[in-house]
Amino acid sequence: MAEIVIALFFSKKVFQQNGKPAHLNQIADAFEKIFNCSFGSIYDQQKKVFDRKPFNRTKALDFLRNLIIRKDKEGKN
């Protein structure tokens, strides 16, 4: 789930009430409350994501993407 938070942060499409892009820790805090989870330090999680091998860096996002594609194909059959 940290990959999603990090991707949303880099997209700059999540905003604070003042209209400025939200900070990484603000997005992480919101996810922790919504999904009742804990990232610990989101910055440590970000480092772990970037420390992965390039082909493995976005494995959770790739899984979700492929799931949507598979369900779309199933719906067209």
# chains A, B, ... in the order shown; residues from 1 in each chain; ligands from 1
>>> residues_around(residues="segment 49-54 of chain A", least_positions_apart="2", cutoff="12 Å", atoms="only C-alpha atoms", output="short mmCIF file (atom, residue, chain, number, x, y, z; two decimals) with C-alpha atoms, in the first residue's frame")
data_model
loop_
_atom_site.label_atom_id
_atom_site.label_comp_id
_atom_site.auth_asym_id
_atom_site.auth_seq_id
_atom_site.Cartn_x
_atom_site.Cartn_y
_atom_site.Cartn_z
CA MET A 1 0.00 0.00 0.00
CA ALA A 2 2.99 2.28 0.52
CA GLU A 3 3.56 2.20 -3.25
CA ILE A 4 0.12 3.71 -3.80
CA VAL A 5 0.76 6.46 -1.25
CA ILE A 6 4.14 7.26 -2.81
CA ALA A 7 2.69 7.28 -6.34
CA ILE A 42 6.53 6.46 5.35
CA TYR A 43 9.98 7.78 4.46
CA ASP A 44 11.50 4.43 5.47
CA GLN A 45 8.87 2.70 3.33
CA GLN A 46 9.75 4.99 0.42
CA LYS A 47 13.43 4.08 0.79
CA ASN A 56 10.33 -5.26 -8.66
CA ARG A 57 9.92 -1.62 -7.63
CA THR A 58 6.19 -1.33 -8.33
CA LYS A 59 5.06 -4.91 -7.74
CA ALA A 60 1.87 -3.96 -5.87
CA LEU A 61 0.86 -1.42 -8.51
#
>>> select_by_dssp(residues="chain A", states="alpha helix (DSSP H)", output="ChimeraX atom specification")
/A:2-11,24-35,42-51,59-76
>>> residues_around(residues="Ala22 of chain A", least_positions_apart="3", cutoff="12 Å", atoms="only C-alpha atoms", output="number ranges by chain")
A: 5-6, 8-19, 25-30
>>> write_last_selection(atoms="C-alpha atoms", output="PDB file, in the first residue's frame")
ATOM      1  CA  VAL A   5       0.763   6.462  -1.254  1.00  0.00           C
ATOM      2  CA  ILE A   6       4.135   7.256  -2.805  1.00  0.00           C
ATOM      3  CA  LEU A   8      -0.115   9.629  -5.268  1.00  0.00           C
ATOM      4  CA  PHE A   9       2.452  11.934  -3.670  1.00  0.00           C
ATOM      5  CA  PHE A  10       4.582  12.044  -6.823  1.00  0.00           C
ATOM      6  CA  SER A  11       1.496  12.674  -8.963  1.00  0.00           C
ATOM      7  CA  LYS A  12       0.820  15.919  -7.060  1.00  0.00           C
ATOM      8  CA  LYS A  13      -2.908  15.228  -7.601  1.00  0.00           C
ATOM      9  CA  VAL A  14      -3.804  15.049  -3.892  1.00  0.00           C
ATOM     10  CA  PHE A  15      -4.268  18.476  -2.365  1.00  0.00           C
ATOM     11  CA  GLN A  16      -4.338  20.102   1.042  1.00  0.00           C
ATOM     12  CA  GLN A  17      -7.261  22.334   1.984  1.00  0.00           C
ATOM     13  CA  ASN A  18      -5.229  25.369   0.853  1.00  0.00           C
ATOM     14  CA  GLY A  19      -4.991  23.947  -2.677  1.00  0.00           C
ATOM     15  CA  ASN A  25       3.294  12.145   5.382  1.00  0.00           C
ATOM     16  CA  GLN A  26      -0.157  13.758   5.061  1.00  0.00           C
ATOM     17  CA  ILE A  27      -1.235  11.240   2.430  1.00  0.00           C
ATOM     18  CA  ALA A  28       0.226   8.395   4.496  1.00  0.00           C
ATOM     19  CA  ASP A  29      -1.613   9.597   7.622  1.00  0.00           C
ATOM     20  CA  ALA A  30      -4.900   9.661   5.706  1.00  0.00           C
TER      21      ALA A  30
END
>>> atom_distance(atom1="atom CA of Leu24 of chain A", atom2="atom CA of Ile69 of chain A")
28.3 Å
>>> decode(residues="segment 2-75 of chain A", atoms="C-alpha atoms", output="mmCIF file, in the first residue's frame")
data_model
loop_
_atom_site.group_PDB
_atom_site.id
_atom_site.type_symbol
_atom_site.label_atom_id
_atom_site.label_comp_id
_atom_site.auth_asym_id
_atom_site.auth_seq_id
_atom_site.Cartn_x
_atom_site.Cartn_y
_atom_site.Cartn_z
ATOM 1 C CA ALA A 2 2.985 2.279 0.517
ATOM 2 C CA GLU A 3 3.561 2.200 -3.254
ATOM 3 C CA ILE A 4 0.117 3.708 -3.798
ATOM 4 C CA VAL A 5 0.763 6.462 -1.254
ATOM 5 C CA ILE A 6 4.135 7.256 -2.805
ATOM 6 C CA ALA A 7 2.693 7.277 -6.335
ATOM 7 C CA LEU A 8 -0.115 9.629 -5.268
ATOM 8 C CA PHE A 9 2.452 11.934 -3.670
ATOM 9 C CA PHE A 10 4.582 12.044 -6.823
ATOM 10 C CA SER A 11 1.496 12.674 -8.963
ATOM 11 C CA LYS A 12 0.820 15.919 -7.060
ATOM 12 C CA LYS A 13 -2.908 15.228 -7.601
ATOM 13 C CA VAL A 14 -3.804 15.049 -3.892
ATOM 14 C CA PHE A 15 -4.268 18.476 -2.365
ATOM 15 C CA GLN A 16 -4.338 20.102 1.042
ATOM 16 C CA GLN A 17 -7.261 22.334 1.984
ATOM 17 C CA ASN A 18 -5.229 25.369 0.853
ATOM 18 C CA GLY A 19 -4.991 23.947 -2.677
ATOM 19 C CA LYS A 20 -1.300 23.032 -2.508
ATOM 20 C CA PRO A 21 -0.145 19.451 -3.148
ATOM 21 C CA ALA A 22 -0.236 17.282 -0.022
ATOM 22 C CA HIS A 23 2.970 16.157 1.627
ATOM 23 C CA LEU A 24 3.912 12.485 1.652
ATOM 24 C CA ASN A 25 3.294 12.145 5.382
ATOM 25 C CA GLN A 26 -0.157 13.758 5.061
ATOM 26 C CA ILE A 27 -1.235 11.240 2.430
ATOM 27 C CA ALA A 28 0.226 8.395 4.496
ATOM 28 C CA ASP A 29 -1.613 9.597 7.622
ATOM 29 C CA ALA A 30 -4.900 9.661 5.706
ATOM 30 C CA PHE A 31 -4.345 6.112 4.398
ATOM 31 C CA GLU A 32 -3.488 4.888 7.887
ATOM 32 C CA LYS A 33 -6.766 6.263 9.219
ATOM 33 C CA ILE A 34 -8.899 5.084 6.293
ATOM 34 C CA PHE A 35 -7.465 1.557 6.131
ATOM 35 C CA ASN A 36 -6.621 1.174 9.837
ATOM 36 C CA CYS A 37 -2.993 0.327 9.136
ATOM 37 C CA SER A 38 0.416 1.699 10.025
ATOM 38 C CA PHE A 39 3.350 2.421 7.745
ATOM 39 C CA GLY A 40 5.688 3.281 10.587
ATOM 40 C CA SER A 41 7.832 5.883 8.871
ATOM 41 C CA ILE A 42 6.527 6.455 5.347
ATOM 42 C CA TYR A 43 9.975 7.781 4.460
ATOM 43 C CA ASP A 44 11.504 4.428 5.471
ATOM 44 C CA GLN A 45 8.872 2.705 3.330
ATOM 45 C CA GLN A 46 9.753 4.989 0.423
ATOM 46 C CA LYS A 47 13.427 4.075 0.795
ATOM 47 C CA LYS A 48 12.517 0.373 0.785
ATOM 48 C CA VAL A 49 10.569 0.824 -2.456
ATOM 49 C CA PHE A 50 13.469 2.643 -4.116
ATOM 50 C CA ASP A 51 15.954 0.056 -2.844
ATOM 51 C CA ARG A 52 14.116 -2.723 -4.706
ATOM 52 C CA LYS A 53 15.429 -3.984 -8.015
ATOM 53 C CA PRO A 54 13.929 -1.939 -10.889
ATOM 54 C CA PHE A 55 11.714 -4.772 -12.177
ATOM 55 C CA ASN A 56 10.327 -5.260 -8.659
ATOM 56 C CA ARG A 57 9.917 -1.622 -7.632
ATOM 57 C CA THR A 58 6.187 -1.335 -8.331
ATOM 58 C CA LYS A 59 5.057 -4.907 -7.742
ATOM 59 C CA ALA A 60 1.867 -3.959 -5.868
ATOM 60 C CA LEU A 61 0.865 -1.421 -8.506
ATOM 61 C CA ASP A 62 1.657 -3.902 -11.282
ATOM 62 C CA PHE A 63 -0.510 -6.506 -9.547
ATOM 63 C CA LEU A 64 -3.453 -4.083 -9.324
ATOM 64 C CA ARG A 65 -2.998 -2.987 -12.940
ATOM 65 C CA ASN A 66 -2.926 -6.580 -14.174
ATOM 66 C CA LEU A 67 -5.977 -7.431 -12.076
ATOM 67 C CA ILE A 68 -7.973 -4.649 -13.741
ATOM 68 C CA ILE A 69 -6.826 -5.748 -17.202
ATOM 69 C CA ARG A 70 -7.729 -9.385 -16.474
ATOM 70 C CA LYS A 71 -11.188 -8.476 -15.143
ATOM 71 C CA ASP A 72 -11.784 -6.266 -18.181
ATOM 72 C CA LYS A 73 -10.904 -9.142 -20.532
ATOM 73 C CA GLU A 74 -13.156 -11.522 -18.586
ATOM 74 C CA GLY A 75 -16.035 -9.078 -18.942
#
